[in-house]
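See below for final05.cif, which holds mmCIF, C-alpha atoms.
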```cif
data_structure
#
loop_
_atom_site.group_PDB
_atom_site.id
_atom_site.type_symbol
_atom_site.label_atom_id
_atom_site.label_comp_id
_atom_site.auth_asym_id
_atom_site.auth_seq_id
_atom_site.Cartn_x
_atom_site.Cartn_y
_atom_site.Cartn_z
ATOM 1 C CA MET A 62 44.841 20.864 70.529
ATOM 2 C CA LYS A 63 45.404 17.356 71.740
ATOM 3 C CA HIS A 64 41.604 16.702 71.865
ATOM 4 C CA LEU A 65 41.162 18.047 68.343
ATOM 5 C CA LEU A 66 43.879 15.746 67.024
ATOM 6 C CA ILE A 67 42.372 12.685 68.762
ATOM 7 C CA SER A 68 38.820 13.465 67.590
ATOM 8 C CA SER A 69 39.957 13.988 63.986
ATOM 9 C CA LEU A 70 41.921 10.707 64.147
ATOM 10 C CA ILE A 71 38.815 8.886 65.425
ATOM 11 C CA CYS A 72 36.702 10.444 62.644
ATOM 12 C CA MET A 73 39.188 9.358 59.991
ATOM 13 C CA LEU A 74 39.284 5.812 61.365
ATOM 14 C CA CYS A 75 35.471 5.527 61.606
ATOM 15 C CA HIS A 76 34.741 7.092 58.208
ATOM 16 C CA PRO A 77 35.462 3.893 56.203
ATOM 17 C CA LEU A 78 33.015 1.985 58.417
ATOM 18 C CA PHE A 79 30.179 4.354 57.523
ATOM 19 C CA ALA A 80 31.193 4.341 53.877
ATOM 20 C CA GLN A 81 30.789 0.555 53.765
ATOM 21 C CA VAL A 82 27.285 0.790 55.221
ATOM 22 C CA ALA A 83 26.316 3.421 52.662
ATOM 23 C CA SER A 84 27.640 1.286 49.810
ATOM 24 C CA GLN A 85 25.572 -1.696 50.989
ATOM 25 C CA ASP A 86 22.455 0.494 50.987
ATOM 26 C CA LYS A 87 23.362 1.672 47.513
ATOM 27 C CA VAL A 88 23.786 -1.938 46.362
ATOM 28 C CA MET A 89 20.409 -2.837 47.867
ATOM 29 C CA SER A 90 18.643 0.059 46.102
ATOM 30 C CA THR A 91 20.431 -0.763 42.840
ATOM 31 C CA SER A 92 19.392 -4.388 43.207
ATOM 32 C CA SER A 93 15.739 -3.432 43.713
ATOM 33 C CA ASN A 94 15.949 -1.095 40.702
ATOM 34 C CA ILE A 95 17.356 -3.941 38.636
ATOM 35 C CA ARG A 96 14.543 -6.222 39.811
ATOM 36 C CA GLU A 97 11.878 -3.709 38.851
ATOM 37 C CA LYS A 98 13.514 -3.055 35.479
ATOM 38 C CA LEU A 99 13.661 -6.789 34.756
ATOM 39 C CA VAL A 100 10.002 -7.194 35.685
ATOM 40 C CA GLU A 101 9.098 -4.225 33.487
ATOM 41 C CA LEU A 102 10.952 -5.745 30.542
ATOM 42 C CA ALA A 103 9.376 -9.150 31.133
ATOM 43 C CA LEU A 104 5.903 -7.608 31.087
ATOM 44 C CA GLN A 105 6.391 -6.788 27.423
ATOM 45 C CA ASN A 106 5.390 -10.383 26.867
ATOM 46 C CA PRO A 107 3.049 -11.488 24.060
ATOM 47 C CA ASP A 108 1.084 -13.690 26.479
ATOM 48 C CA LEU A 109 0.287 -10.669 28.620
ATOM 49 C CA GLU A 110 -0.654 -8.695 25.518
ATOM 50 C CA VAL A 111 -3.070 -11.472 24.508
ATOM 51 C CA ALA A 112 -4.576 -11.346 27.998
ATOM 52 C CA ASP A 113 -5.054 -7.570 27.610
ATOM 53 C CA HIS A 114 -6.881 -8.146 24.332
ATOM 54 C CA GLN A 115 -9.063 -10.807 25.962
ATOM 55 C CA VAL A 116 -10.057 -8.253 28.615
ATOM 56 C CA GLN A 117 -10.963 -5.739 25.885
ATOM 57 C CA ILE A 118 -13.028 -8.344 24.023
ATOM 58 C CA ALA A 119 -14.896 -9.176 27.213
ATOM 59 C CA LYS A 120 -15.599 -5.474 27.802
ATOM 60 C CA TYR A 121 -16.932 -5.082 24.261
ATOM 61 C CA ASN A 122 -19.177 -8.120 24.730
ATOM 62 C CA LEU A 123 -20.467 -6.562 27.950
ATOM 63 C CA LYS A 124 -21.340 -3.333 26.102
ATOM 64 C CA LYS A 125 -23.074 -5.397 23.431
ATOM 65 C CA ALA A 126 -25.087 -7.265 26.056
ATOM 66 C CA LYS A 127 -26.070 -4.020 27.763
ATOM 67 C CA GLY A 128 -27.305 -2.450 24.528
ATOM 68 C CA TRP A 129 -29.702 -5.235 23.541
ATOM 69 C CA TRP A 130 -32.707 -2.925 23.713
ATOM 70 C CA ALA A 131 -31.375 -0.592 20.996
ATOM 71 C CA SER A 132 -31.852 -3.268 18.342
ATOM 72 C CA ASN A 133 -35.610 -3.175 18.962
ATOM 73 C CA ILE A 134 -36.046 0.486 17.993
ATOM 74 C CA SER A 135 -36.697 1.185 14.337
ATOM 75 C CA LEU A 136 -37.127 4.297 12.232
ATOM 76 C CA SER A 137 -38.736 4.249 8.827
ATOM 77 C CA PHE A 138 -39.511 6.814 6.161
ATOM 78 C CA ASN A 139 -42.642 6.621 4.053
ATOM 79 C CA ALA A 140 -41.806 7.681 0.529
ATOM 80 C CA ASN A 141 -44.711 7.729 -1.895
ATOM 81 C CA GLU A 142 -46.099 10.276 -4.334
ATOM 82 C CA VAL A 143 -48.056 12.124 -1.658
ATOM 83 C CA THR A 144 -45.075 12.571 0.647
ATOM 84 C CA VAL A 145 -42.776 13.554 -2.213
ATOM 85 C CA LYS A 146 -45.196 16.280 -3.299
ATOM 86 C CA ARG A 147 -45.555 17.372 0.305
ATOM 87 C CA LEU A 148 -41.762 17.665 0.612
ATOM 88 C CA GLU A 149 -41.720 19.723 -2.586
ATOM 89 C CA GLY A 150 -44.201 22.109 -1.031
ATOM 90 C CA LYS A 151 -47.292 20.897 -2.850
ATOM 91 C CA ASN A 152 -49.821 19.875 -0.213
ATOM 92 C CA GLN A 153 -52.708 19.438 -2.620
ATOM 93 C CA GLN A 154 -53.188 16.742 -5.234
ATOM 94 C CA GLU A 155 -54.466 17.334 -8.758
ATOM 95 C CA ASP A 156 -58.021 16.279 -7.917
ATOM 96 C CA GLY A 157 -58.187 18.832 -5.109
ATOM 97 C CA ARG A 158 -57.791 16.491 -2.205
ATOM 98 C CA TYR A 159 -55.599 17.700 0.617
ATOM 99 C CA TYR A 160 -53.562 15.298 2.818
ATOM 100 C CA PRO A 161 -52.167 17.307 5.705
ATOM 101 C CA TYR A 162 -51.891 14.369 8.124
ATOM 102 C CA TYR A 163 -50.388 11.702 5.962
ATOM 103 C CA PRO A 164 -47.254 10.428 7.768
ATOM 104 C CA ILE A 165 -43.860 11.109 6.324
ATOM 105 C CA TYR A 166 -41.923 9.121 8.881
ATOM 106 C CA ASN A 167 -42.715 6.412 11.368
ATOM 107 C CA VAL A 168 -41.079 5.462 14.654
ATOM 108 C CA GLY A 169 -41.620 2.026 16.073
ATOM 109 C CA MET A 170 -40.405 0.027 19.014
ATOM 110 C CA SER A 171 -40.968 -3.573 19.937
ATOM 111 C CA ILE A 172 -40.034 -5.068 23.269
ATOM 112 C CA PRO A 173 -39.831 -8.832 23.316
ATOM 113 C CA ILE A 174 -41.086 -10.218 26.615
ATOM 114 C CA GLY A 175 -38.422 -12.936 26.644
ATOM 115 C CA GLY A 176 -35.734 -10.295 26.368
ATOM 116 C CA LEU A 177 -36.796 -8.762 29.655
ATOM 117 C CA PHE A 178 -35.953 -12.024 31.412
ATOM 118 C CA SER A 179 -33.038 -13.420 29.416
ATOM 119 C CA LYS A 180 -30.973 -10.315 28.650
ATOM 120 C CA PRO A 181 -30.206 -9.335 32.262
ATOM 121 C CA ALA A 182 -28.735 -12.796 32.770
ATOM 122 C CA ALA A 183 -26.668 -12.397 29.596
ATOM 123 C CA THR A 184 -25.430 -9.026 30.854
ATOM 124 C CA LYS A 185 -24.409 -10.576 34.176
ATOM 125 C CA ALA A 186 -22.618 -13.370 32.335
ATOM 126 C CA ALA A 187 -20.753 -10.802 30.246
ATOM 127 C CA ARG A 188 -19.734 -8.966 33.442
ATOM 128 C CA GLU A 189 -18.413 -12.207 34.870
ATOM 129 C CA LYS A 190 -16.460 -12.855 31.676
ATOM 130 C CA VAL A 191 -14.838 -9.426 32.057
ATOM 131 C CA ASN A 192 -13.912 -10.290 35.647
ATOM 132 C CA MET A 193 -12.547 -13.672 34.558
ATOM 133 C CA ALA A 194 -10.435 -12.090 31.803
ATOM 134 C CA GLN A 195 -9.030 -9.527 34.225
ATOM 135 C CA ALA A 196 -8.275 -12.246 36.784
ATOM 136 C CA GLU A 197 -6.506 -14.292 34.110
ATOM 137 C CA ARG A 198 -4.460 -11.261 33.100
ATOM 138 C CA ASP A 199 -3.526 -10.568 36.708
ATOM 139 C CA SER A 200 -2.580 -14.221 37.166
ATOM 140 C CA LYS A 201 -0.287 -14.091 34.133
ATOM 141 C CA TYR A 202 1.216 -10.850 35.440
ATOM 142 C CA ARG A 203 1.968 -12.440 38.812
ATOM 143 C CA GLU A 204 3.321 -15.568 37.160
ATOM 144 C CA ILE A 205 5.695 -13.595 34.935
ATOM 145 C CA ARG A 206 6.781 -11.393 37.824
ATOM 146 C CA ALA A 207 7.442 -14.387 40.080
ATOM 147 C CA SER A 208 9.417 -16.245 37.416
ATOM 148 C CA VAL A 209 11.570 -13.200 36.647
ATOM 149 C CA LEU A 210 12.264 -12.465 40.308
ATOM 150 C CA THR A 211 13.020 -16.126 41.006
ATOM 151 C CA ALA A 212 15.425 -16.277 38.078
ATOM 152 C CA TYR A 213 17.134 -13.089 39.284
ATOM 153 C CA GLU A 214 17.431 -14.419 42.841
ATOM 154 C CA ASN A 215 18.894 -17.654 41.459
ATOM 155 C CA TYR A 216 21.367 -15.582 39.471
ATOM 156 C CA LEU A 217 22.394 -13.601 42.560
ATOM 157 C CA SER A 218 22.824 -16.729 44.699
ATOM 158 C CA ARG A 219 24.885 -18.454 42.000
ATOM 159 C CA LYS A 220 26.977 -15.333 41.596
ATOM 160 C CA ARG A 221 27.662 -15.297 45.359
ATOM 161 C CA LEU A 222 28.465 -19.007 45.248
ATOM 162 C CA TYR A 223 30.820 -18.461 42.324
ATOM 163 C CA THR A 224 32.544 -15.620 44.172
ATOM 164 C CA ILE A 225 33.018 -17.776 47.272
ATOM 165 C CA GLN A 226 34.240 -20.731 45.213
ATOM 166 C CA SER A 227 36.661 -18.460 43.347
ATOM 167 C CA GLN A 228 38.056 -17.158 46.617
ATOM 168 C CA ILE A 229 38.417 -20.680 48.003
ATOM 169 C CA THR A 230 40.055 -21.893 44.793
ATOM 170 C CA GLU A 231 42.415 -18.923 44.772
ATOM 171 C CA SER A 232 43.259 -19.493 48.427
ATOM 172 C CA ALA A 233 43.914 -23.191 47.789
ATOM 173 C CA TYR A 234 46.061 -22.357 44.769
ATOM 174 C CA ASN A 235 48.065 -19.850 46.823
ATOM 175 C CA ASP A 236 48.542 -22.488 49.554
ATOM 176 C CA TYR A 237 49.697 -24.913 46.893
ATOM 177 C CA LEU A 238 52.205 -22.402 45.529
ATOM 178 C CA GLN A 239 53.512 -21.646 49.012
ATOM 179 C CA THR A 240 53.848 -25.332 49.810
ATOM 180 C CA LYS A 241 55.607 -25.942 46.497
ATOM 181 C CA GLU A 242 57.985 -23.045 47.197
ATOM 182 C CA LYS A 243 58.711 -24.390 50.705
ATOM 183 C CA PHE A 244 59.358 -27.814 49.228
ATOM 184 C CA ARG A 245 61.851 -26.378 46.716
ATOM 185 C CA ASN A 246 63.601 -24.388 49.401
ATOM 186 C CA GLY A 247 63.881 -27.437 51.567
#
```
Once you've parsed the file, please lay out its structure as structure tokens.
Amino acid sequence: MKHLLISSLICMLCHPLFAQVASQDKVMSTSSNIREKLVELALQNPDLEVADHQVQIAKYNLKKAKGWWASNISLSFNANEVTVKRLEGKNQQEDGRYYPYYPIYNVGMSIPIGGLFSKPAATKAAREKVNMAQAERDSKYREIRASVLTAYENYLSRKRLYTIQSQITESAYNDYLQTKEKFRNG
């Protein structure tokens, strides 16, 4: 019975020590949550949104540079009296001539020789512009994140400093009141 009483007394005395450690961990996790929330709110910045749009523009320019060859393909339709009659089902003209091989449509493609040499370089340049836009966006992200975290750390340090100064001021004021009371009492 005596051992049970002593062990329970030790547990009760040590419990507040563990509670303080748990509260510090809770404060640390809350502080990191606050940091992340502040960074998340700061990322809703118009400068970062502009950087996102610049990345999209660079990607669209890259697609445009990659599809240069599609502008050299052409389709055409030959519409004259022979083809119109052929589409109507009349393959023979009034004079008895028959045109079974007259073309209704034409497909053409031209490949400029200069395009074979210059367009790959333009595509590479567009890729580099995409990389530059993404790097600029990432730089702005890091800059915003660093400024927010620095401001929050400054806030925390000033808050600690204020708390310490308040305690010192309160202690000095209490000393003053005690000294004043001793002086009155003689």
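Nearest residue to Ala187 in chain A among A:Asn122, A:Ser93, A:Ser232, A:Asn106 is A:Asn122, counting all atoms listed in the file.
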Rank nothing, just name the residue among A:Ala196, A:Ala183, A:Leu99, A:Leu104 nearest to Thr211 in chain A, using only C-alpha atoms.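 Closest candidate: A:Leu99.
Rounded to one decimal, CA of Trp129 in chain A and CA of Gln117 in chain A lie 18.9 Å from each other.
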Could you list, as an NGL selection string, every residue within 12 Å of Glu204 in chain A, counting all atoms listed in the file and ignoring same-chain residues fewer than 4 positions away? :A and (100 or 103-104 or 106 or 108-109 or 197-200 or 208-211)
Go ahead and write the residues just picked, C-alpha atoms, as a compact mmCIF listing (two decimals), in the frame of the given file.
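Contents of again33.txt, as written:
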```txt
# COMPACT_ATOMS: atom_id res chain seq x y z
CA VAL A 100 10.00 -7.19 35.68
CA ALA A 103 9.38 -9.15 31.13
CA LEU A 104 5.90 -7.61 31.09
CA ASN A 106 5.39 -10.38 26.87
CA ASP A 108 1.08 -13.69 26.48
CA LEU A 109 0.29 -10.67 28.62
CA GLU A 197 -6.51 -14.29 34.11
CA ARG A 198 -4.46 -11.26 33.10
CA ASP A 199 -3.53 -10.57 36.71
CA SER A 200 -2.58 -14.22 37.17
CA SER A 208 9.42 -16.24 37.42
CA VAL A 209 11.57 -13.20 36.65
CA LEU A 210 12.26 -12.46 40.31
CA THR A 211 13.02 -16.13 41.01
```
Test item: the PyMOL selection byres ((chain A and resi 174-180) around 12) resolved as a list in words: Leu123, Lys125, Ala126, Lys127, Gly128, Trp129, Trp130, Ala131, Ser132, Asn133, Ser171, Ile172, Pro173, Pro181, Ala182, Ala183, Thr184, Lys185, Ala186 and Ala187 of chain A
Work out how far CA of Glu97 in chain A is from CA of Gln195 in chain A, in Å to one decimal.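 Interatomic distance, CA of Gln195 in chain A to CA of Glu97 in chain A: 22.2 Å.
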Point-to-point distance from CA of Asp113 in chain A to CA of Ile95 in chain A, Å rounded to tenths: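 Computing it gives 25.2 Å between the two atoms.
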Using all atoms listed in the file, collect all residues at a distance of at most 8 Å from (-13.9, -12.3, 28.4) as written in the file, then present them as a PyMOL selection string. chain A and resi 115-120+122+187+189-194
Generate the coordinates of all heavy atoms for range 113-124 of chain A; report them as a tab-separated table (two decimals), keeping the file's coordinate frame.
```
chain	number	residue	atom	x	y	z
A	113	ASP	N	-4.47	-8.92	27.69
A	113	ASP	CA	-5.05	-7.57	27.61
A	113	ASP	C	-6.14	-7.51	26.54
A	113	ASP	O	-7.20	-6.91	26.74
A	113	ASP	CB	-3.97	-6.53	27.29
A	113	ASP	CG	-3.06	-6.26	28.46
A	113	ASP	OD1	-3.46	-6.50	29.61
A	113	ASP	OD2	-1.92	-5.79	28.22
A	114	HIS	N	-5.88	-8.14	25.40
A	114	HIS	CA	-6.88	-8.15	24.33
A	114	HIS	C	-8.12	-8.95	24.73
A	114	HIS	O	-9.24	-8.58	24.37
A	114	HIS	CB	-6.28	-8.69	23.04
A	114	HIS	CG	-5.26	-7.80	22.43
A	114	HIS	ND1	-5.53	-6.50	22.04
A	114	HIS	CD2	-3.94	-7.98	22.14
A	114	HIS	CE1	-4.44	-5.94	21.54
A	114	HIS	NE2	-3.46	-6.82	21.60
A	115	GLN	N	-7.92	-10.03	25.49
A	115	GLN	CA	-9.06	-10.81	25.96
A	115	GLN	C	-9.94	-9.97	26.89
A	115	GLN	O	-11.17	-10.05	26.85
A	115	GLN	CB	-8.59	-12.07	26.70
A	115	GLN	CG	-7.96	-13.11	25.78
A	115	GLN	CD	-8.97	-13.72	24.81
A	115	GLN	OE1	-10.16	-13.67	25.03
A	115	GLN	NE2	-8.46	-14.27	23.74
A	116	VAL	N	-9.30	-9.15	27.73
A	116	VAL	CA	-10.06	-8.25	28.62
A	116	VAL	C	-10.86	-7.26	27.78
A	116	VAL	O	-12.04	-7.01	28.07
A	116	VAL	CB	-9.11	-7.53	29.60
A	116	VAL	CG1	-9.83	-6.41	30.33
A	116	VAL	CG2	-8.52	-8.51	30.59
A	117	GLN	N	-10.25	-6.70	26.74
A	117	GLN	CA	-10.96	-5.74	25.88
A	117	GLN	C	-12.14	-6.40	25.18
A	117	GLN	O	-13.22	-5.82	25.07
A	117	GLN	CB	-10.01	-5.12	24.85
A	117	GLN	CG	-9.09	-4.08	25.41
A	117	GLN	CD	-9.84	-2.88	25.97
A	117	GLN	OE1	-11.00	-2.62	25.68
A	117	GLN	NE2	-9.16	-2.14	26.81
A	118	ILE	N	-11.94	-7.62	24.69
A	118	ILE	CA	-13.03	-8.34	24.02
A	118	ILE	C	-14.18	-8.57	24.99
A	118	ILE	O	-15.35	-8.39	24.65
A	118	ILE	CB	-12.52	-9.68	23.44
A	118	ILE	CG1	-11.62	-9.41	22.23
A	118	ILE	CG2	-13.67	-10.59	23.04
A	118	ILE	CD1	-10.88	-10.62	21.72
A	119	ALA	N	-13.85	-8.95	26.21
A	119	ALA	CA	-14.90	-9.18	27.21
A	119	ALA	C	-15.64	-7.88	27.52
A	119	ALA	O	-16.87	-7.89	27.69
A	119	ALA	CB	-14.28	-9.76	28.48
A	120	LYS	N	-14.93	-6.76	27.56
A	120	LYS	CA	-15.60	-5.47	27.80
A	120	LYS	C	-16.52	-5.11	26.64
A	120	LYS	O	-17.63	-4.60	26.86
A	120	LYS	CB	-14.56	-4.38	28.01
A	120	LYS	CG	-13.88	-4.45	29.37
A	120	LYS	CD	-12.87	-3.33	29.55
A	120	LYS	CE	-12.20	-3.42	30.91
A	120	LYS	NZ	-11.20	-2.37	31.09
A	121	TYR	N	-16.08	-5.36	25.41
A	121	TYR	CA	-16.93	-5.08	24.26
A	121	TYR	C	-18.18	-5.97	24.27
A	121	TYR	O	-19.28	-5.52	23.94
A	121	TYR	CB	-16.17	-5.27	22.94
A	121	TYR	CG	-15.07	-4.27	22.72
A	121	TYR	CD1	-13.88	-4.63	22.11
A	121	TYR	CD2	-15.22	-2.94	23.12
A	121	TYR	CE1	-12.88	-3.71	21.91
A	121	TYR	CE2	-14.21	-2.02	22.92
A	121	TYR	CZ	-13.04	-2.39	22.31
A	121	TYR	OH	-12.05	-1.49	22.10
A	122	ASN	N	-18.02	-7.22	24.64
A	122	ASN	CA	-19.18	-8.12	24.73
A	122	ASN	C	-20.14	-7.66	25.81
A	122	ASN	O	-21.36	-7.81	25.67
A	122	ASN	CB	-18.73	-9.56	24.99
A	122	ASN	CG	-18.15	-10.19	23.75
A	122	ASN	OD1	-18.42	-9.77	22.64
A	122	ASN	ND2	-17.31	-11.19	23.94
A	123	LEU	N	-19.61	-7.10	26.89
A	123	LEU	CA	-20.47	-6.56	27.95
A	123	LEU	C	-21.27	-5.37	27.43
A	123	LEU	O	-22.47	-5.27	27.67
A	123	LEU	CB	-19.64	-6.16	29.17
A	123	LEU	CG	-20.39	-5.49	30.31
A	123	LEU	CD1	-21.43	-6.44	30.88
A	123	LEU	CD2	-19.43	-5.03	31.39
A	124	LYS	N	-20.62	-4.47	26.68
A	124	LYS	CA	-21.34	-3.33	26.10
A	124	LYS	C	-22.42	-3.81	25.14
A	124	LYS	O	-23.52	-3.26	25.10
A	124	LYS	CB	-20.36	-2.41	25.37
A	124	LYS	CG	-19.52	-1.57	26.28
A	124	LYS	CD	-18.63	-0.64	25.50
A	124	LYS	CE	-17.73	0.16	26.42
A	124	LYS	NZ	-16.85	1.06	25.67
```
